[in-house]
>>> print(open('start37.cif').read())   # mmCIF, C-alpha atoms
data_data
loop_
_atom_site.label_atom_id
_atom_site.label_comp_id
_atom_site.auth_asym_id
_atom_site.auth_seq_id
_atom_site.Cartn_x
_atom_site.Cartn_y
_atom_site.Cartn_z
CA MET A 1 -14.67 1.01 -19.60
CA TRP A 2 -13.52 1.77 -23.11
CA HIS A 3 -10.51 -0.01 -24.63
CA PRO A 4 -8.29 1.15 -27.53
CA GLU A 5 -9.77 -1.43 -29.93
CA GLN A 6 -13.11 0.37 -29.98
CA LYS A 7 -11.80 3.12 -32.21
CA GLN A 8 -14.69 3.43 -34.63
CA GLN A 9 -17.28 3.92 -31.90
CA ARG A 10 -15.19 6.01 -29.59
CA GLN A 11 -13.88 8.57 -32.04
CA GLN A 12 -17.42 9.84 -32.57
CA GLN A 13 -17.92 10.47 -28.86
CA GLN A 14 -16.89 13.33 -26.69
CA LEU A 15 -15.38 13.02 -23.27
CA PRO A 16 -17.98 12.62 -20.52
CA GLU A 17 -19.56 15.71 -19.07
CA PRO A 18 -18.01 16.79 -15.76
CA PRO A 19 -19.89 16.21 -12.53
CA SER A 20 -22.49 18.84 -11.74
CA GLY A 21 -21.50 21.38 -9.17
CA SER A 22 -17.83 21.32 -10.12
CA SER A 23 -16.14 24.49 -8.99
CA SER A 24 -13.03 24.12 -11.15
CA ARG A 25 -12.51 27.05 -13.50
CA VAL A 26 -9.82 28.10 -15.92
CA GLY A 27 -9.82 31.82 -16.54
CA PRO A 28 -8.82 35.22 -15.21
CA SER A 29 -8.68 35.53 -11.44
CA SER A 30 -9.87 39.13 -11.48
CA SER A 31 -13.56 39.52 -10.63
CA SER A 32 -13.92 42.39 -13.09
CA SER A 33 -12.45 40.32 -15.92
CA SER A 34 -14.52 37.25 -15.09
CA ALA A 35 -17.68 39.34 -15.34
CA SER A 36 -17.03 40.04 -19.02
CA LEU A 37 -15.47 36.70 -20.02
CA PRO A 38 -17.26 33.36 -19.82
CA SER A 39 -15.74 30.86 -17.42
CA VAL A 40 -14.37 27.66 -18.93
CA ARG A 41 -14.15 24.36 -17.17
CA PRO A 42 -11.00 22.23 -17.60
CA GLU A 43 -13.16 19.42 -18.98
CA GLN A 44 -14.36 21.68 -21.79
CA ILE A 45 -10.81 22.56 -22.75
CA PHE A 46 -9.86 18.90 -22.87
CA VAL A 47 -12.93 18.10 -25.00
CA PHE A 48 -11.90 20.77 -27.51
CA ILE A 49 -8.29 19.58 -27.65
CA HIS A 50 -9.44 15.98 -27.99
CA GLN A 51 -11.70 16.83 -30.94
CA VAL A 52 -8.96 18.79 -32.71
CA LEU A 53 -6.37 16.05 -32.31
CA VAL A 54 -8.69 13.24 -33.39
CA SER A 55 -10.02 15.09 -36.44
CA ALA A 56 -6.96 16.99 -37.63
CA TYR A 57 -3.90 15.07 -36.43
CA THR A 58 -4.44 11.35 -35.87
CA GLY A 59 -4.99 10.33 -39.49
CA TRP A 60 -2.47 12.71 -41.06
CA TYR A 61 0.29 13.20 -38.49
CA PRO A 62 0.10 10.13 -36.23
CA SER A 63 3.56 10.53 -34.77
CA SER A 64 2.84 14.11 -33.69
CA ALA A 65 -0.60 13.05 -32.49
CA ILE A 66 0.92 10.42 -30.19
CA GLY A 67 3.15 13.02 -28.57
CA LEU A 68 0.28 15.47 -28.13
CA PHE A 69 -2.11 12.84 -26.74
CA VAL A 70 0.55 11.79 -24.22
CA ARG A 71 1.14 15.38 -23.13
CA CYS A 72 -2.56 15.97 -22.62
CA ALA A 73 -2.85 12.74 -20.66
CA SER A 74 0.03 13.80 -18.45
CA LEU A 75 -1.62 17.15 -17.72
CA ALA A 76 -4.97 15.49 -16.99
CA ASP A 77 -3.22 13.08 -14.64
CA LYS A 78 -1.67 15.99 -12.75
CA LEU A 79 -5.17 17.47 -12.42
CA ARG A 80 -6.45 14.15 -11.03
CA MET A 81 -8.76 13.64 -14.01
CA GLU A 82 -8.26 9.93 -14.50
CA GLU A 83 -10.99 9.29 -17.06
CA VAL A 84 -9.74 12.11 -19.26
CA ALA A 85 -6.13 10.96 -18.94
CA TYR A 86 -7.12 7.41 -19.84
CA GLU A 87 -9.04 8.63 -22.91
CA PHE A 88 -6.01 10.51 -24.22
CA MET A 89 -3.70 7.53 -23.63
CA ALA A 90 -6.16 5.25 -25.41
CA GLN A 91 -6.18 7.65 -28.37
CA ALA A 92 -2.37 7.58 -28.38
CA PHE A 93 -2.55 3.81 -28.77
CA ILE A 94 -5.09 4.15 -31.58
CA ALA A 95 -2.75 6.52 -33.44
CA TYR A 96 0.12 4.09 -32.90
CA GLU A 97 -1.74 0.91 -33.86
CA GLU A 98 -3.99 2.04 -36.72
CA TYR A 99 -2.46 5.13 -38.29
CA LEU A 100 1.30 5.00 -37.79
CA GLU A 101 2.98 3.49 -40.81
CA ASP A 102 4.95 0.38 -39.83
CA PRO A 103 4.54 0.67 -36.04
CA GLN A 104 6.77 -2.35 -35.49
CA GLY A 105 9.62 -0.32 -36.90
CA LYS A 106 8.97 2.79 -34.80
CA PRO A 107 10.50 2.38 -31.32
CA ARG A 108 10.50 6.12 -30.58
CA GLU A 109 6.73 6.40 -30.36
CA ILE A 110 6.17 3.41 -28.08
CA SER A 111 9.09 4.55 -25.93
CA LEU A 112 7.34 7.90 -25.56
CA ILE A 113 4.20 6.15 -24.31
CA ILE A 114 6.19 3.97 -21.88
CA GLY A 115 8.06 6.97 -20.50
CA ALA A 116 4.79 8.79 -19.88
CA LEU A 117 3.20 5.81 -18.15
CA GLU A 118 6.09 5.64 -15.72
CA SER A 119 5.29 9.11 -14.39
CA PHE A 120 1.51 8.83 -14.04
CA ARG A 121 0.23 8.95 -10.46
CA GLY A 122 -3.57 9.03 -10.62
CA PHE A 123 -4.61 5.87 -12.47
CA SER A 124 -6.59 3.15 -10.74
CA ASP A 125 -4.97 -0.29 -10.78
CA GLY A 126 -7.34 -1.56 -13.47
CA ASN A 127 -6.68 1.26 -15.93
CA TRP A 128 -2.97 1.25 -15.14
CA ASN A 129 -2.60 -2.49 -15.78
CA THR A 130 -4.52 -2.25 -19.06
CA LEU A 131 -2.23 0.48 -20.41
CA VAL A 132 0.97 -1.16 -19.18
CA GLN A 133 0.02 -4.50 -20.68
CA ARG A 134 -0.68 -2.93 -24.07
CA ALA A 135 2.59 -0.99 -24.03
CA SER A 136 4.54 -4.13 -23.13
CA GLN A 137 2.89 -6.06 -25.96
CA HIS A 138 3.91 -3.45 -28.51
CA ALA A 139 7.46 -3.37 -27.18
CA ALA A 140 7.69 -7.12 -27.75
CA LYS A 141 6.50 -6.73 -31.36
CA LEU A 142 9.25 -4.35 -32.48
CA ARG A 143 11.04 -5.73 -35.51
CA ARG A 144 14.68 -4.84 -34.90
CA LYS A 145 16.22 -6.84 -32.09
CA GLU A 146 18.26 -3.80 -31.03
CA ASP A 147 15.07 -1.75 -30.60
CA LYS A 148 13.25 -4.61 -28.90
CA ALA A 149 16.04 -5.12 -26.34
CA THR A 150 16.07 -1.43 -25.37
CA VAL A 151 12.32 -0.85 -25.20
CA ILE A 152 11.50 -4.08 -23.35
CA ALA A 153 14.19 -3.21 -20.81
CA ASP A 154 12.54 0.18 -20.36
CA CYS A 155 9.21 -1.56 -19.69
CA ALA A 156 10.75 -3.03 -16.54
CA HIS A 157 10.44 0.39 -14.89
CA LEU A 158 6.65 0.12 -15.17
CA TYR A 159 6.73 -2.81 -12.76
CA TRP A 160 8.87 -1.07 -10.12
CA PRO A 161 7.86 2.61 -10.07
CA SER A 162 10.27 5.11 -8.61
CA ALA A 163 9.40 6.64 -5.27
CA LEU A 164 9.99 10.05 -6.87
CA LEU A 165 7.41 9.44 -9.59
CA ALA A 166 4.70 7.22 -8.19
CA ALA A 167 2.45 8.27 -5.34
CA PRO A 168 3.12 6.34 -2.10
CA ASN A 169 -0.18 4.48 -2.34
CA CYS A 170 0.67 3.36 -5.89
CA GLN A 171 4.16 2.02 -5.31
CA GLU A 172 3.23 -1.28 -3.68
CA SER A 173 0.17 -2.06 -5.79
CA ARG A 174 2.07 -1.43 -9.02
CA ARG A 175 5.22 -3.28 -8.09
CA ASN A 176 5.60 -6.73 -9.56
CA ASP A 177 9.11 -8.13 -9.16
CA LYS A 178 8.36 -11.26 -11.17
CA LYS A 179 7.14 -9.36 -14.24
CA LEU A 180 10.08 -7.01 -13.89
CA LEU A 181 12.52 -9.93 -14.00
CA LYS A 182 10.68 -11.40 -16.99
CA CYS A 183 11.03 -8.08 -18.83
CA LEU A 184 14.78 -8.00 -18.28
CA GLN A 185 15.16 -11.63 -19.31
CA ARG A 186 13.24 -10.98 -22.52
CA ALA A 187 15.38 -7.93 -23.18
CA LEU A 188 18.50 -10.04 -22.69
CA LYS A 189 17.18 -12.66 -25.09
CA ALA A 190 16.55 -9.99 -27.73
CA ALA A 191 20.03 -8.54 -27.15
CA ASN A 192 21.56 -11.98 -27.59
CA GLU A 193 19.97 -12.16 -31.05
CA CYS A 194 21.27 -8.75 -32.11
CA ILE A 195 23.59 -8.58 -35.09
CA ASN A 196 24.81 -5.08 -34.28
CA ASP A 197 25.47 -3.44 -30.92
CA GLN A 198 25.11 -6.74 -29.07
CA VAL A 199 27.68 -6.01 -26.36
CA GLU A 200 26.38 -2.47 -25.86
CA LYS A 201 22.90 -3.88 -25.26
CA PHE A 202 24.34 -6.35 -22.73
CA VAL A 203 25.93 -3.46 -20.83
CA MET A 204 22.69 -1.47 -20.97
CA ILE A 205 20.80 -4.42 -19.49
CA LEU A 206 23.48 -4.85 -16.82
CA ASN A 207 22.82 -1.26 -15.79
CA LYS A 208 19.10 -2.00 -15.58
CA TYR A 209 19.74 -5.02 -13.36
CA LEU A 210 22.03 -2.89 -11.20
CA PHE A 211 19.40 -0.14 -10.95
CA PHE A 212 16.75 -2.51 -9.60
CA PHE A 213 19.24 -4.39 -7.45
CA GLU A 214 20.10 -1.16 -5.65
CA ARG A 215 16.40 -0.56 -5.08
CA ARG A 216 16.15 -3.98 -3.46
CA CYS A 217 13.87 -5.66 -5.96
CA PRO A 218 13.70 -9.18 -4.46
CA THR A 219 14.00 -11.10 -7.74
CA ILE A 220 17.17 -9.28 -8.84
CA GLY A 221 20.01 -11.07 -7.09
CA VAL A 222 23.79 -11.00 -7.31
CA LYS A 223 23.80 -14.09 -9.54
CA TYR A 224 22.23 -12.09 -12.37
CA LEU A 225 24.84 -9.36 -12.09
CA GLN A 226 27.64 -11.91 -11.99
CA GLY A 227 26.23 -13.79 -14.97
CA LEU A 228 25.92 -10.66 -17.07
CA ILE A 229 29.44 -9.52 -16.20
CA CYS A 230 30.82 -12.90 -17.29
CA LEU A 231 28.77 -12.74 -20.51
CA ILE A 232 30.04 -9.26 -21.32
CA GLU A 233 33.65 -10.17 -20.55
CA ASP A 234 33.44 -13.05 -23.02
CA HIS A 235 31.99 -10.90 -25.78
CA LEU A 236 34.36 -7.98 -25.23
CA LYS A 237 37.14 -10.09 -26.76
CA GLN A 238 35.23 -10.16 -30.04
CA LEU A 239 34.79 -6.39 -30.29
CA ASP A 240 36.66 -4.58 -33.02
CA ASP A 241 39.20 -2.01 -31.93
CA ASP A 242 37.42 0.79 -33.77
CA GLN A 243 35.70 3.88 -32.44
CA ASN A 244 32.50 2.02 -31.62
CA GLY A 245 34.39 -0.75 -29.85
CA LYS A 246 36.26 1.78 -27.73
CA ARG A 247 33.01 3.50 -26.81
CA VAL A 248 31.41 0.23 -25.68
CA ARG A 249 34.49 -0.73 -23.66
CA ALA A 250 34.42 2.66 -21.96
CA TYR A 251 30.71 2.23 -21.21
CA TYR A 252 31.38 -1.14 -19.60
CA ALA A 253 34.46 0.14 -17.72
CA ASN A 254 32.42 2.98 -16.22
CA THR A 255 29.73 0.52 -15.14
CA ILE A 256 32.29 -1.72 -13.41
CA LYS A 257 33.89 1.33 -11.80
CA TYR A 258 30.51 2.31 -10.40
CA ILE A 259 29.88 -1.21 -9.05
CA LYS A 260 33.28 -1.29 -7.36
CA SER A 261 32.67 2.10 -5.76
CA LYS A 262 29.36 0.85 -4.35
CA VAL A 263 30.94 -2.34 -3.06
CA LEU A 264 33.73 -0.37 -1.37
CA ALA A 265 31.27 2.05 0.24
CA MET A 266 29.13 -0.80 1.54
CA CYS A 267 32.07 -2.78 2.87
CA GLU A 268 33.24 0.27 4.81
CA SER A 269 29.78 0.99 6.19
CA PRO A 270 28.83 -0.39 9.63
CA HIS A 271 25.54 -1.44 8.04
CA LYS A 272 27.12 -3.09 5.01
CA HIS A 273 24.99 -5.11 2.67
CA VAL A 274 27.16 -8.22 2.28
CA SER A 275 25.34 -9.58 -0.76
CA MET A 276 26.51 -6.66 -2.86
CA CYS A 277 30.09 -7.94 -2.86
CA LEU A 278 30.39 -9.49 -6.31
#
>>> encode(input="start37.cif", output="structure tokens")
Amino acid sequence: MWHPEQKQQRQQQQLPEPPSGSSSRVGPSSSSSSASLPSVRPEQIFVFIHQVLVSAYTGWYPSSAIGLFVRCASLADKLRMEEVAYEFMAQAFIAYEEYLEDPQGKPREISLIIGALESFRGFSDGNWNTLVQRASQHAAKLRRKEDKATVIADCAHLYWPSALLAAPNCQESRRNDKKLLKCLQRALKAANECINDQVEKFVMILNKYLFFFERRCPTIGVKYLQGLICLIEDHLKQLDDDQNGKRVRAYYANTIKYIKSKVLAMCESPHKHVSMCL
């Protein structure tokens, strides 16, 4: 299995040839048209795109290359072409690590990779874990604490995939409640070290905890929600009464309003979940 570090060797190679006897074709459905036009296999199209991106984009437009590699990987994943999807994701990491100027100051690109990983359905556990681990490592290396808090918090979704995104057979194998909790704790630590937007980051992380609490992640208990609410209440007193301060207060007020509505609905339900009552 190839890993992103092997850039020099891998960039000179093409994607593997498709299995013999493959019946997949991309081309006109009309028999008369197919007689005059050569049929093209999906693998051949991906090989061509891969060569163009590596030769013409990666070294000159790394940010654009990352986005294009991720899109190709997403399409390959939808076509159940795991090896091709993995190759494109690995090239996205190469563009990020070796060609992007100051990657530790570029949260947008690593966020793009993380967002794509969350939606992939066809990766084996080994390939999935390799990509997730590398994305998490880069999130932790971001320079600005504000960026680090946001992106690490987003990584938590990789350890508790949504039922709407992950295939049923992937949900359990990819779920790791302990790593999820560690992600949120690291995000909170980074937020606590923020000079700007500290309270806003606290509220963002509270919403993450609430999201996973509602989805019954076993390591996310009421004590974490209560602790964050107390932390935010203490820091709200220090907020300036300017436009930004008002926006953050409104953000927090809407979060508390949502929590109260959930508590009320559960307390009125015959199947109420008592532990939700904060």
>>> closest_residue(input="start37.cif", among="A:Ile205, A:Gln91, A:Glu101, A:Arg175", to="Gly227 of chain A", atoms="only C-alpha atoms")
A:Ile205
>>> resolve_selection(input="start37.cif", expression="the PyMOL selection byres ((chain A and resi 128) around 12)", output="PyMOL selection string")
chain A and resi 77+82-83+85-86+89-90+114+116-127+129-135+158-159+166+170+173-175
>>> resolve_selection(input="start37.cif", expression="the PyMOL selection byres ((chain A and resi 218) around 10)", output="list in words")
Asn176, Asp177, Lys178, Leu181, Phe212, Phe213, Arg215, Arg216, Cys217, Thr219, Ile220 and Gly221 of chain A
>>> residues_around(input="start37.cif", residues="Asn254 of chain A", least_positions_apart="5", cutoff="12 Å", atoms="only C-alpha atoms", output="VMD selection string")
chain A and resid 203 to 204 206 to 207 247 to 249 259 to 261
>>> resolve_selection(input="start37.cif", expression="the PyMOL selection byres ((chain A and resi 107-109) around 10)", output="ChimeraX atom specification")
/A:62-64,66-67,92-93,95-96,100,103-106,110-115,138-139,141-144,146-148,150-151
>>> atom_distance(input="start37.cif", atom1="atom CA of Val54 of chain A", atom2="atom CA of Ile152 of chain A")
28.4 Å
>>> atom_distance(input="start37.cif", atom1="atom CA of Ser136 of chain A", atom2="atom CA of His157 of chain A")
11.1 Å
>>> closest_residue(input="start37.cif", among="A:Leu210, A:Ala153, A:Pro161, A:Asp242", to="Leu188 of chain A", atoms="all atoms listed in the file")
A:Ala153
>>> atom_distance(input="start37.cif", atom1="atom CA of Lys182 of chain A", atom2="atom CA of Ala149 of chain A")
12.5 Å
>>> closest_residue(input="start37.cif", among="A:Leu239, A:Ala191, A:Tyr99, A:Met266", to="Gly59 of chain A", atoms="all atoms listed in the file")
A:Tyr99
